[in-house]
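Coordinates as given in structure_20.cif (mmCIF, C-alpha atoms):
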```
data_model
loop_
_atom_site.label_atom_id
_atom_site.label_comp_id
_atom_site.auth_asym_id
_atom_site.auth_seq_id
_atom_site.Cartn_x
_atom_site.Cartn_y
_atom_site.Cartn_z
CA MET A 50 -1.30 24.88 -12.64
CA GLN A 51 -0.32 26.26 -16.03
CA LEU A 52 2.83 28.21 -16.85
CA SER A 53 3.84 30.02 -20.01
CA TYR A 54 6.92 28.63 -21.75
CA GLY A 55 8.91 31.71 -20.80
CA HIS A 56 7.94 31.46 -17.13
CA ALA A 57 8.72 27.74 -16.99
CA GLU A 58 12.02 28.32 -18.77
CA ALA A 59 13.06 30.99 -16.27
CA ILE A 60 12.17 28.80 -13.28
CA VAL A 61 13.93 25.67 -14.54
CA LYS A 62 17.04 27.59 -15.56
CA ALA A 63 17.17 29.22 -12.13
CA VAL A 64 16.91 25.81 -10.44
CA PHE A 65 19.78 24.45 -12.53
CA MET A 66 21.95 27.53 -12.04
CA GLY A 67 21.34 27.26 -8.32
CA GLY A 68 22.55 23.65 -8.52
CA GLY A 69 25.91 24.65 -9.97
CA PHE A 70 25.17 24.31 -13.68
CA THR A 71 26.99 26.60 -16.09
CA PRO A 72 24.71 28.89 -18.15
CA HIS A 73 25.27 26.63 -21.17
CA GLU A 74 24.39 23.48 -19.24
CA ALA A 75 21.29 25.11 -17.79
CA GLN A 76 20.14 26.27 -21.24
CA VAL A 77 20.68 22.88 -22.93
CA CYS A 78 18.95 20.86 -20.18
CA THR A 79 16.06 23.31 -19.85
CA ALA A 80 15.40 23.26 -23.60
CA GLU A 81 15.27 19.45 -23.79
CA ILE A 82 13.08 19.12 -20.69
CA LEU A 83 10.59 21.74 -21.86
CA ASP A 84 10.47 20.24 -25.35
CA ALA A 85 9.44 16.90 -23.81
CA GLU A 86 6.85 18.61 -21.63
CA TRP A 87 5.43 20.55 -24.60
CA ARG A 88 5.12 17.35 -26.64
CA GLY A 89 3.17 15.59 -23.89
CA LYS A 90 6.08 13.45 -22.65
CA SER A 91 5.77 14.64 -19.07
CA SER A 92 7.78 11.66 -17.76
CA TYR A 93 10.79 13.18 -19.54
CA GLY A 94 9.80 16.78 -18.89
CA LEU A 95 9.52 18.73 -15.67
CA GLU A 96 9.36 15.52 -13.62
CA LEU A 97 13.03 14.93 -14.46
CA VAL A 98 14.36 18.26 -13.19
CA SER A 99 15.38 16.82 -9.81
CA TYR A 100 17.06 13.82 -11.45
CA VAL A 101 19.03 15.96 -13.90
CA LEU A 102 20.00 18.27 -11.05
CA ALA A 103 21.48 15.31 -9.16
CA TRP A 104 23.47 14.15 -12.21
CA ARG A 105 25.52 17.34 -12.20
CA ALA A 106 27.14 16.38 -8.89
CA GLU A 107 28.72 13.31 -10.56
CA LYS A 108 30.35 15.21 -13.42
CA LEU A 109 34.02 14.33 -13.80
CA GLY A 110 34.86 16.65 -16.67
CA GLU A 111 33.77 18.03 -20.02
CA PRO A 112 32.85 15.73 -22.91
CA GLU A 113 35.80 15.15 -25.23
CA ILE A 114 36.64 13.43 -28.50
CA SER A 115 39.02 10.54 -27.82
CA GLU A 116 39.04 8.90 -31.28
CA GLU A 117 38.34 10.53 -34.63
CA GLY A 118 38.21 9.71 -38.33
CA PRO A 119 36.98 11.57 -41.44
CA ALA A 120 33.37 10.47 -40.88
CA SER A 121 33.45 9.15 -37.32
CA ALA A 122 34.27 10.10 -33.76
CA PHE A 123 34.14 8.64 -30.28
CA VAL A 124 33.08 10.89 -27.42
CA GLU A 125 33.87 10.25 -23.76
CA GLY A 126 31.17 11.97 -21.76
CA ASN A 127 33.08 11.96 -18.45
CA ASN A 128 29.85 11.61 -16.47
CA GLY A 129 28.56 14.87 -17.88
CA VAL A 130 24.86 15.68 -17.72
CA GLY A 131 23.12 13.61 -20.39
CA PRO A 132 21.56 16.36 -22.53
CA VAL A 133 24.81 18.35 -22.53
CA VAL A 134 26.90 15.37 -23.66
CA ALA A 135 24.27 14.47 -26.26
CA ALA A 136 24.29 18.03 -27.65
CA PHE A 137 28.10 18.03 -27.80
CA ALA A 138 28.15 14.70 -29.65
CA LEU A 139 25.50 15.87 -32.11
CA ASP A 140 27.55 18.98 -32.86
CA VAL A 141 30.46 16.66 -33.68
CA ALA A 142 28.22 14.52 -35.90
CA LEU A 143 26.84 17.57 -37.73
CA LYS A 144 30.36 18.78 -38.51
CA LYS A 145 31.37 15.35 -39.79
CA VAL A 146 28.28 14.83 -41.96
CA ALA A 147 28.67 18.27 -43.52
CA GLU A 148 32.20 17.33 -44.58
CA ALA A 149 31.84 13.64 -45.44
CA GLY A 150 28.16 13.13 -46.29
CA VAL A 151 27.75 10.54 -43.53
CA ALA A 152 28.76 10.46 -39.89
CA VAL A 153 28.82 7.91 -37.08
CA VAL A 154 29.53 9.14 -33.55
CA GLY A 155 29.72 6.79 -30.59
CA VAL A 156 29.34 8.06 -27.03
CA ARG A 157 30.06 6.56 -23.62
CA ASN A 158 28.53 8.34 -20.65
CA LYS A 159 26.56 7.53 -17.53
CA TRP A 160 23.48 9.22 -19.03
CA PRO A 161 22.35 9.74 -22.64
CA TRP A 162 19.81 12.19 -24.02
CA LEU A 163 16.42 12.35 -22.30
CA THR A 164 14.41 11.56 -25.45
CA ALA A 165 15.90 10.13 -28.63
CA GLY A 166 13.94 12.37 -30.98
CA TYR A 167 14.91 15.74 -29.52
CA HIS A 168 18.45 15.95 -30.86
CA LEU A 169 17.57 14.11 -34.08
CA ARG A 170 15.01 16.79 -34.86
CA ARG A 171 17.78 19.37 -34.82
CA ALA A 172 19.77 17.34 -37.35
CA ALA A 173 16.72 16.89 -39.58
CA ASP A 174 16.00 20.62 -39.40
CA GLU A 175 19.43 21.10 -40.96
CA GLY A 176 18.54 18.70 -43.80
CA PHE A 177 20.11 15.46 -42.55
CA ILE A 178 18.64 12.00 -42.01
CA ALA A 179 19.46 10.99 -38.44
CA ALA A 180 19.16 8.00 -36.14
CA THR A 181 20.22 7.23 -32.59
CA TRP A 182 19.98 4.35 -30.14
CA SER A 183 21.10 3.63 -26.58
CA ALA A 184 21.56 0.54 -24.40
CA GLY A 185 19.97 1.25 -21.02
CA VAL A 186 19.99 -0.16 -17.50
CA SER A 187 18.98 -3.84 -17.49
CA ILE A 188 15.27 -3.99 -16.69
CA VAL A 189 13.76 -5.97 -19.61
CA ALA A 190 13.63 -9.78 -19.82
CA PRO A 191 14.48 -11.50 -23.11
CA HIS A 192 11.59 -13.29 -24.82
CA GLY A 193 10.98 -16.56 -22.96
CA GLY A 194 13.13 -15.53 -19.99
CA VAL A 195 12.44 -14.06 -16.57
CA ARG A 196 15.77 -12.41 -15.74
CA ARG A 197 16.51 -8.74 -16.47
CA VAL A 198 19.06 -8.55 -19.26
CA PHE A 199 18.19 -5.74 -21.65
CA GLY A 200 17.57 -2.08 -21.08
CA THR A 201 14.49 -0.26 -22.33
CA ASN A 202 16.88 0.58 -25.19
CA PRO A 203 15.27 3.66 -26.74
CA PHE A 204 15.93 4.58 -30.35
CA GLY A 205 14.82 7.21 -32.82
CA ILE A 206 14.87 8.16 -36.49
CA ALA A 207 14.31 11.58 -38.05
CA VAL A 208 13.87 12.43 -41.72
CA PRO A 209 13.71 15.98 -43.10
CA ALA A 210 10.47 16.92 -44.88
CA LEU A 211 8.86 20.04 -46.35
CA GLY A 212 6.37 20.39 -43.49
CA GLY A 213 8.97 19.74 -40.83
CA PRO A 214 10.93 16.63 -39.78
CA VAL A 215 9.22 13.24 -39.54
CA VAL A 216 10.40 11.81 -36.23
CA PHE A 217 9.92 8.36 -34.69
CA ASP A 218 11.04 7.95 -31.10
CA THR A 219 10.32 4.89 -28.96
CA ALA A 220 11.76 2.12 -26.77
CA VAL A 221 11.61 -1.69 -26.95
CA THR A 222 9.23 -2.07 -24.01
CA ALA A 223 5.61 -3.18 -24.40
CA GLY A 224 4.51 -0.12 -22.43
CA PRO A 225 6.10 3.29 -21.94
CA ALA A 226 9.71 3.00 -20.83
CA SER A 227 8.83 5.16 -17.84
CA ALA A 228 5.77 3.03 -16.93
CA MET A 229 7.21 1.59 -13.72
CA ARG A 230 8.25 4.98 -12.35
CA ASP A 231 4.98 6.58 -13.43
CA ALA A 232 2.83 3.84 -11.89
CA ARG A 233 4.69 3.98 -8.59
CA GLN A 234 4.52 7.76 -8.34
CA ARG A 235 0.84 7.94 -9.27
CA GLY A 236 -0.29 4.88 -7.33
CA ARG A 237 -1.74 3.24 -10.43
CA PRO A 238 -1.36 -0.28 -11.86
CA LEU A 239 0.91 -0.91 -14.82
CA PRO A 240 -0.68 -1.35 -18.25
CA GLU A 241 -1.72 -4.91 -19.01
CA GLY A 242 0.94 -7.08 -20.65
CA THR A 243 3.93 -4.88 -19.86
CA ALA A 244 5.63 -6.63 -16.93
CA MET A 245 6.19 -9.86 -15.03
CA ASP A 246 7.02 -10.64 -11.41
CA ARG A 247 10.18 -12.47 -10.33
CA SER A 248 8.57 -15.86 -10.99
CA GLY A 249 7.67 -14.92 -14.56
CA GLN A 250 3.95 -14.36 -13.97
CA PRO A 251 2.25 -11.34 -15.58
CA THR A 252 1.73 -8.49 -13.13
CA ARG A 253 0.34 -4.98 -13.05
CA ASP A 254 1.79 -4.27 -9.61
CA PRO A 255 4.75 -1.87 -9.98
CA ALA A 256 6.35 -3.19 -6.78
CA ALA A 257 6.22 -6.78 -8.06
CA ALA A 258 7.45 -5.68 -11.48
CA ARG A 259 10.40 -3.91 -9.90
CA LYS A 260 11.50 -7.27 -8.49
CA GLY A 261 10.74 -8.90 -11.82
CA ALA A 262 11.13 -7.38 -15.28
CA LEU A 263 9.47 -5.38 -18.02
CA LEU A 264 8.49 -7.05 -21.29
CA ALA A 265 9.55 -6.14 -24.80
CA PHE A 266 6.91 -5.34 -27.41
CA GLY A 267 6.07 -7.96 -30.03
CA GLY A 268 7.54 -10.95 -28.21
CA HIS A 269 10.68 -12.20 -29.94
CA ARG A 270 10.69 -9.25 -32.36
CA GLY A 271 11.09 -6.57 -29.72
CA SER A 272 13.43 -8.82 -27.76
CA GLY A 273 15.63 -9.28 -30.83
CA LEU A 274 15.73 -5.53 -31.40
CA ALA A 275 16.66 -5.00 -27.76
CA MET A 276 19.53 -7.47 -28.16
CA MET A 277 20.90 -5.68 -31.22
CA ILE A 278 20.76 -2.30 -29.46
CA GLU A 279 22.70 -3.82 -26.55
CA LEU A 280 25.39 -4.78 -29.07
CA LEU A 281 25.40 -1.61 -31.17
CA GLY A 282 24.64 0.86 -28.38
CA GLY A 283 26.61 -0.93 -25.68
CA ALA A 284 29.38 -3.32 -26.75
CA TRP A 285 30.29 -1.33 -29.88
CA VAL A 286 31.09 1.77 -27.83
CA GLY A 287 32.64 -0.02 -24.85
CA ALA A 288 29.62 0.56 -22.61
CA LYS A 289 27.14 -1.47 -20.57
CA THR A 290 26.04 -4.61 -22.42
CA GLY A 291 23.41 -6.91 -20.93
CA THR A 292 24.33 -8.10 -17.46
CA SER A 293 27.75 -9.47 -18.41
CA ARG A 294 29.37 -6.10 -18.97
CA PRO A 295 28.48 -3.41 -16.42
CA GLY A 296 29.48 0.18 -16.88
CA PRO A 297 28.25 3.52 -18.17
CA ARG A 298 25.63 3.71 -20.90
CA GLY A 299 26.43 4.07 -24.56
CA PHE A 300 24.66 5.66 -27.47
CA VAL A 301 25.33 6.23 -31.14
CA TYR A 302 24.39 8.88 -33.68
CA PHE A 303 24.17 8.06 -37.38
CA LEU A 304 23.68 10.99 -39.77
CA ALA A 305 23.57 11.16 -43.57
CA ARG A 306 22.97 13.85 -46.18
CA ASN A 307 19.41 13.79 -47.45
CA ASP A 308 20.69 13.86 -51.05
CA LEU A 309 23.39 11.23 -50.54
CA PHE A 310 21.98 8.97 -53.29
CA GLY A 311 20.94 11.82 -55.59
CA CYS A 312 17.25 11.05 -55.13
CA ALA A 313 16.07 13.84 -52.79
#
```
Structure rendered as structure tokens:
Amino acid sequence: MQLSYGHAEAIVKAVFMGGGFTPHEAQVCTAEILDAEWRGKSSYGLELVSYVLAWRAEKLGEPEISEEGPASAFVEGNNGVGPVVAAFALDVALKKVAEAGVAVVGVRNKWPWLTAGYHLRRAADEGFIAATWSAGVSIVAPHGGVRRVFGTNPFGIAVPALGGPVVFDTAVTAGPASAMRDARQRGRPLPEGTAMDRSGQPTRDPAAARKGALLAFGGHRGSGLAMMIELLGGAWVGAKTGTSRPGPRGFVYFLARNDLFGCA
């Protein structure tokens, strides 16, 4: 079944509005979901509508700035819907970078953005270099280990360019971060070399992997990157870090003027 963008947008917005979303929340979430779908990231597109709908019921309040400096801010998401909190925090970062040339905004919320590159692309469209990273739910084993410690820990970088932003958006896992959910829903095996069972043996069975762990890309390299994102996307913003510090997720935005060093 194929839908035009306008038709899909109207349907998804109606679903969210029916679930108690404000018009602004419905617009923000619909735009991010349809962007993922349009870019071929279906696991973060229309498939997530029901998940995002459920998040709204856990909202405690509006996102708010709790700490602020000339080039920095800390945002408490108050269990707001991930895309809405992410958009709010990016607006804060864009205001800061326009005034100071650089900006760092930390966020603590139960959910982050859906895809790292979506919000970064907006910053790059306005002429700023942008990066973001987030420490996720523990589902990845450290290199040489068998226990889940790290999240899939997605991150992204966007750089403005004449033909449009250059955007890199990925996670630390050897396969797609959504591989376990996708394999289970579609009744297919996991990609080779992406997971282990609870005894540490390689597996392609999503049920066995769910009791075990996903693997980081590049062995110790991906594992080391995952560790640093736990620290900078978790501990630094008072959020979930490994298995020793439970809690909501954290993410960070870093923005800088493209001409900061006078070379652009």
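Taking all atoms listed in the file into account, those protein, DNA and RNA residues with any atom at most 9 Å away from (12.3, -14.1, -16.9) amount to Val189, Ala190, Pro191, His192, Gly193, Gly194, Val195, Arg196, Arg197, Met245, Asp246, Arg247, Ser248, Gly249, Gln250, Gly261 and Ala262 of chain A.
Going from atom CA of A:Arg157 over to atom CA of A:Ile278, you cover 14.1 Å.
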Calculated over only C-alpha atoms, which of the candidates A:Asn127, A:Asn202, A:Ser115, A:Ser121 has the smallest distance to A:Pro225? A:Asn202
Tell me, in Å to one decimal, how far atom CA of A:Trp182 is from atom CA of A:Ile82.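 These atoms are spaced 18.8 Å apart.
Considering the residues A:Pro119, A:Gly311, A:Ile188, A:Gly126 and counting only C-alpha atoms, A:Trp162 has its shortest atom-to-atom contact with A:Gly126.
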Between atom CA of A:Val146 and atom CA of A:Glu116, what distance in Å does the model show, to one decimal?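 Those two atoms sit 16.3 Å apart.
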Could you check which of A:Val154, A:Ala173, A:Leu97, A:Val141 is closest to A:Ser227, using all atoms listed in the file? A:Leu97
Residue among A:Ala244, A:Ala106, A:Ala172, A:Ala228 lying closest to A:Ala210, counting all atoms listed in the file: A:Ala172
I'd like to know which of A:Val198, A:Val208, A:Met277, A:Val124 is closest to A:Phe177, using only C-alpha atoms.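 Between A:Val198, A:Val208, A:Met277, A:Val124, the residue approaching A:Phe177 most closely is A:Val208.
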Pick the closest to A:Ala256 from A:Glu117, A:Asp231, A:Asp174, A:Glu125: which is it, counting all atoms listed in the file? A:Asp231
What would the list of residues within 9 Å of (-2.5, -6.0, -17.1) (file frame) look like as a PyMOL selection string, if only C-alpha atoms are what count? chain A and resi 238-244+251-254
Any chance you could resolve the PyMOL selection byres ((chain A and resi 275) around 12) against this file and give the residues as a PyMOL selection string? chain A and resi 182-192+197-204+219-223+264-274+276-283+290-291
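Using all atoms listed in the file, the protein and nucleic acid residues lying no more than 6 Å from stretch 74-76 of chain A, apart from those fewer than 4 places from it along its own chain, are Lys62, Phe65 and Phe70 of chain A.
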Which residues of stretch 58-177 of chain A have any atom within 9 Å of an atom in stretch 293-302 of chain A when counting all atoms listed in the file, and what is the closest pair of atoms for each, with the distance in Å to one decimal? Order the rows by chain and rising number and write it as JSON lines.
```
{"residue": "A:Asn128", "atom": "CA", "partner": "A:Pro297", "partner_atom": "CA", "distance": 8.4}
{"residue": "A:Ala135", "atom": "CA", "partner": "A:Phe300", "partner_atom": "CA", "distance": 8.9}
{"residue": "A:Ala138", "atom": "CA", "partner": "A:Tyr302", "partner_atom": "CA", "distance": 8.0}
{"residue": "A:Leu139", "atom": "CA", "partner": "A:Tyr302", "partner_atom": "CA", "distance": 7.2}
{"residue": "A:Ala142", "atom": "CA", "partner": "A:Tyr302", "partner_atom": "CA", "distance": 7.2}
{"residue": "A:Ala152", "atom": "CA", "partner": "A:Tyr302", "partner_atom": "CA", "distance": 7.8}
{"residue": "A:Val153", "atom": "CA", "partner": "A:Tyr302", "partner_atom": "CA", "distance": 5.7}
{"residue": "A:Val154", "atom": "CA", "partner": "A:Tyr302", "partner_atom": "CA", "distance": 5.1}
{"residue": "A:Gly155", "atom": "CA", "partner": "A:Val301", "partner_atom": "CA", "distance": 4.5}
{"residue": "A:Val156", "atom": "CA", "partner": "A:Phe300", "partner_atom": "CA", "distance": 5.3}
{"residue": "A:Arg157", "atom": "CA", "partner": "A:Gly299", "partner_atom": "CA", "distance": 4.5}
{"residue": "A:Asn158", "atom": "CA", "partner": "A:Pro297", "partner_atom": "CA", "distance": 5.4}
{"residue": "A:Lys159", "atom": "CA", "partner": "A:Pro297", "partner_atom": "CA", "distance": 4.4}
{"residue": "A:Trp160", "atom": "CA", "partner": "A:Arg298", "partner_atom": "CA", "distance": 6.2}
{"residue": "A:Pro161", "atom": "CA", "partner": "A:Phe300", "partner_atom": "CA", "distance": 6.7}
{"residue": "A:Trp162", "atom": "CA", "partner": "A:Phe300", "partner_atom": "CA", "distance": 8.8}
{"residue": "A:Leu169", "atom": "CA", "partner": "A:Tyr302", "partner_atom": "CA", "distance": 8.6}
```
Translate the PyMOL selection byres ((chain A and resi 206) around 8) into a concrete residue list for this structure, as an MDAnalysis selection string. chainID A and resid 166 169 178:181 204:205 207:208 216:218
Contacts of A:Ser99 within 12 Å, all atoms listed in the file, excl. fewer than 2 positions in-chain, as a ChimeraX atom specification: /A:61,64-65,68,78-79,82,93-97,101-106
Adding 3 Å on each side of the box along x, y and z that holds all listed atoms of stretch 147-160 of chain A, could you give its centre and edge lengths in Å to one decimal, as AutoDock Vina command-line options?
```
--center_x 27.8 --center_y 12.4 --center_z -31.9 --size_x 14.7 --size_y 17.7 --size_z 34.8
```
